[in-house]
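In what follows, a structure is listed as structure tokens, so that the remarks can point back to it.
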Amino acid sequence: MPRFDEWHASGPGIERKIFPPGETIMSMMAKLRAGAVGAAHSHPHEQLTFVVSGRLRLEMNGALSVAEAGEQFVIPGGAVHEVTALADTVVVETFTPLRADLLATIADDE
């Protein structure tokens with residue numbers, strides 16, 4: 001099982017690194033190869049996706065938008081969303097409250 005701060009695959013062309021969380025907020029970094037798709041899904045957590053480098057297309061509740069380096073998406077809890085990397089892309093994603101489903105994929109350092 002991966003540990004905090006270690007890169008691991010999370011889908012075809014996608015790697016992520018989950019950081020140790022706070023009490024009610026957490027973040028992770030993801031690398032997406034050009035053409036990689038984060039399949040449509042929803043969760044009750046509010047999410048910010050900040051594009052560090054590259055270009056990312058977001059489809060959310062049927063609407064399309066694109067963000068480039070230095071821009072971010074705000075994804076409300078419950079919104080159905082899917083992303084496609086239009087170039088090799090690095091993002092930082094922040095969630096509140098904590099996503100127990102993601103944290104369950106990580107072993108702590110103990």
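Going through the structure tokens in order, the chains are called A, B, and so on, while each chain numbers its residues from 1 and the ligands are numbered from 1 in the order shown.
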
Can you list every residue in chain A that DSSP puts in strand (DSSP E), as a PDB file with C-alpha atoms, in the first residue's frame?
```pdb
ATOM      1  CA  HIS A   8       1.200   5.874  -7.096  1.00  0.00           C
ATOM      2  CA  ALA A   9      -0.928   5.095 -10.144  1.00  0.00           C
ATOM      3  CA  SER A  10      -4.590   6.017  -9.892  1.00  0.00           C
ATOM      4  CA  GLY A  11      -5.666   5.244 -13.458  1.00  0.00           C
ATOM      5  CA  ILE A  14      -2.524   9.315 -13.955  1.00  0.00           C
ATOM      6  CA  GLU A  15      -0.364   9.298 -10.821  1.00  0.00           C
ATOM      7  CA  ARG A  16      -1.155  10.928  -7.506  1.00  0.00           C
ATOM      8  CA  LYS A  17       0.568  11.767  -4.247  1.00  0.00           C
ATOM      9  CA  ILE A  18      -1.679  12.244  -1.226  1.00  0.00           C
ATOM     10  CA  MET A  26      -6.724  17.505   2.628  1.00  0.00           C
ATOM     11  CA  SER A  27      -4.753  17.827  -0.586  1.00  0.00           C
ATOM     12  CA  MET A  28      -2.970  15.776  -3.174  1.00  0.00           C
ATOM     13  CA  MET A  29      -0.898  16.347  -6.287  1.00  0.00           C
ATOM     14  CA  ALA A  30      -1.676  14.546  -9.529  1.00  0.00           C
ATOM     15  CA  LYS A  31       0.233  14.129 -12.793  1.00  0.00           C
ATOM     16  CA  LEU A  32      -1.812  13.404 -15.919  1.00  0.00           C
ATOM     17  CA  VAL A  37      -9.081  10.969 -18.441  1.00  0.00           C
ATOM     18  CA  GLY A  38     -10.274  11.178 -14.854  1.00  0.00           C
ATOM     19  CA  ALA A  39     -13.609   9.404 -15.401  1.00  0.00           C
ATOM     20  CA  ALA A  40     -16.916  11.061 -14.538  1.00  0.00           C
ATOM     21  CA  HIS A  41     -17.755  10.798 -10.844  1.00  0.00           C
ATOM     22  CA  GLU A  46     -16.002  20.458  -2.142  1.00  0.00           C
ATOM     23  CA  GLN A  47     -12.897  20.443  -4.360  1.00  0.00           C
ATOM     24  CA  LEU A  48     -10.421  22.987  -5.711  1.00  0.00           C
ATOM     25  CA  THR A  49      -8.216  21.839  -8.600  1.00  0.00           C
ATOM     26  CA  PHE A  50      -5.263  24.177  -9.220  1.00  0.00           C
ATOM     27  CA  VAL A  51      -3.363  23.637 -12.477  1.00  0.00           C
ATOM     28  CA  VAL A  52       0.374  23.900 -11.766  1.00  0.00           C
ATOM     29  CA  SER A  53       1.418  23.147 -15.359  1.00  0.00           C
ATOM     30  CA  ARG A  55      -3.871  22.286 -19.621  1.00  0.00           C
ATOM     31  CA  LEU A  56      -6.960  20.517 -18.303  1.00  0.00           C
ATOM     32  CA  ARG A  57     -10.536  20.312 -19.605  1.00  0.00           C
ATOM     33  CA  LEU A  58     -13.311  19.891 -17.070  1.00  0.00           C
ATOM     34  CA  GLU A  59     -16.798  18.671 -17.871  1.00  0.00           C
ATOM     35  CA  MET A  60     -19.051  19.374 -14.923  1.00  0.00           C
ATOM     36  CA  ALA A  63     -20.726  22.235 -19.025  1.00  0.00           C
ATOM     37  CA  LEU A  64     -17.165  22.370 -20.432  1.00  0.00           C
ATOM     38  CA  SER A  65     -14.327  24.644 -19.272  1.00  0.00           C
ATOM     39  CA  VAL A  66     -10.532  24.679 -19.654  1.00  0.00           C
ATOM     40  CA  ALA A  67      -7.850  25.764 -17.178  1.00  0.00           C
ATOM     41  CA  GLU A  68      -4.154  26.326 -17.809  1.00  0.00           C
ATOM     42  CA  GLN A  72      -8.174  26.588 -10.965  1.00  0.00           C
ATOM     43  CA  PHE A  73     -11.550  24.892 -11.021  1.00  0.00           C
ATOM     44  CA  VAL A  74     -14.010  25.008  -8.138  1.00  0.00           C
ATOM     45  CA  ILE A  75     -16.074  21.821  -7.963  1.00  0.00           C
ATOM     46  CA  HIS A  81     -17.261  15.959 -13.078  1.00  0.00           C
ATOM     47  CA  GLU A  82     -14.693  14.490 -15.473  1.00  0.00           C
ATOM     48  CA  VAL A  83     -11.297  15.840 -16.528  1.00  0.00           C
ATOM     49  CA  THR A  84      -9.198  15.303 -19.644  1.00  0.00           C
ATOM     50  CA  ALA A  85      -5.544  16.326 -19.840  1.00  0.00           C
ATOM     51  CA  THR A  89      -0.512  18.317 -16.692  1.00  0.00           C
ATOM     52  CA  VAL A  90       0.233  18.656 -12.968  1.00  0.00           C
ATOM     53  CA  VAL A  91      -2.507  19.700 -10.540  1.00  0.00           C
ATOM     54  CA  VAL A  92      -2.931  20.210  -6.809  1.00  0.00           C
ATOM     55  CA  GLU A  93      -6.354  19.179  -5.555  1.00  0.00           C
ATOM     56  CA  THR A  94      -7.803  20.243  -2.221  1.00  0.00           C
ATOM     57  CA  PHE A  95     -10.856  18.639  -0.601  1.00  0.00           C
ATOM     58  CA  THR A  96     -13.052  19.464   2.357  1.00  0.00           C
TER      59      THR A  96
END
```

Query raised in the report: When you draw a straight line from atom CA of A:Pro21 to atom CA of A:Gly77, how long is it in Å?
Result: 18.5 Å

Query raised in the report: Just how far from atom CA of A:Ala107 is atom CA of A:Ile25, in Å to one decimal?
Result: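 Interatomic distance here is 17.9 Å.
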
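For the atom pair formed by atom CA of A:Glu71 and atom CA of A:Ala36, the distance is 19.1 Å, given to one decimal.
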
Query raised in the report: With distances taken over only C-alpha atoms, which of A:Pro20, A:Pro12, A:Pro76, A:Gly62 is nearest to A:Ile106?
Result: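 Smallest distance to A:Ile106 is found for A:Pro20.
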
**Report entry** Which of chain A DSSP labels alpha helix (DSSP H), written as a list in words
**Finding:**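 Across chain A, those assigned alpha helix (DSSP H) are Ala100, Asp101, Leu102 and Leu103 of chain A.
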
Just-selected residues, N, CA and C atoms written as a PDB file, in the first residue's frame:
```
ATOM      1  N   ALA A 100     -12.405  10.168   3.073  1.00  0.00           N
ATOM      2  CA  ALA A 100     -12.022   8.903   3.690  1.00  0.00           C
ATOM      3  C   ALA A 100     -11.697   7.853   2.637  1.00  0.00           C
ATOM      4  N   ASP A 101     -12.371   7.904   1.468  1.00  0.00           N
ATOM      5  CA  ASP A 101     -12.102   6.923   0.407  1.00  0.00           C
ATOM      6  C   ASP A 101     -10.677   7.033  -0.102  1.00  0.00           C
ATOM      7  N   LEU A 102     -10.170   8.241  -0.260  1.00  0.00           N
ATOM      8  CA  LEU A 102      -8.780   8.415  -0.692  1.00  0.00           C
ATOM      9  C   LEU A 102      -7.802   8.078   0.427  1.00  0.00           C
ATOM     10  N   LEU A 103      -8.104   8.517   1.628  1.00  0.00           N
ATOM     11  CA  LEU A 103      -7.204   8.245   2.752  1.00  0.00           C
ATOM     12  C   LEU A 103      -7.077   6.750   3.010  1.00  0.00           C
TER      13      LEU A 103
END
```

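Comparing the minimum interatomic distances between A:Asn61 and each of A:Leu98, A:Met1, A:Val80, A:Ala104, counting only C-alpha atoms, we find that A:Val80 sits nearest.
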
Requested in this report: Rank A:Glu23, A:Ala79, A:Ala87, A:Thr105 by their smallest atom-to-atom distance to A:His45, using only C-alpha atoms, and report the top residue only.
Outcome: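 The closest residue to A:His45 is A:Ala79.
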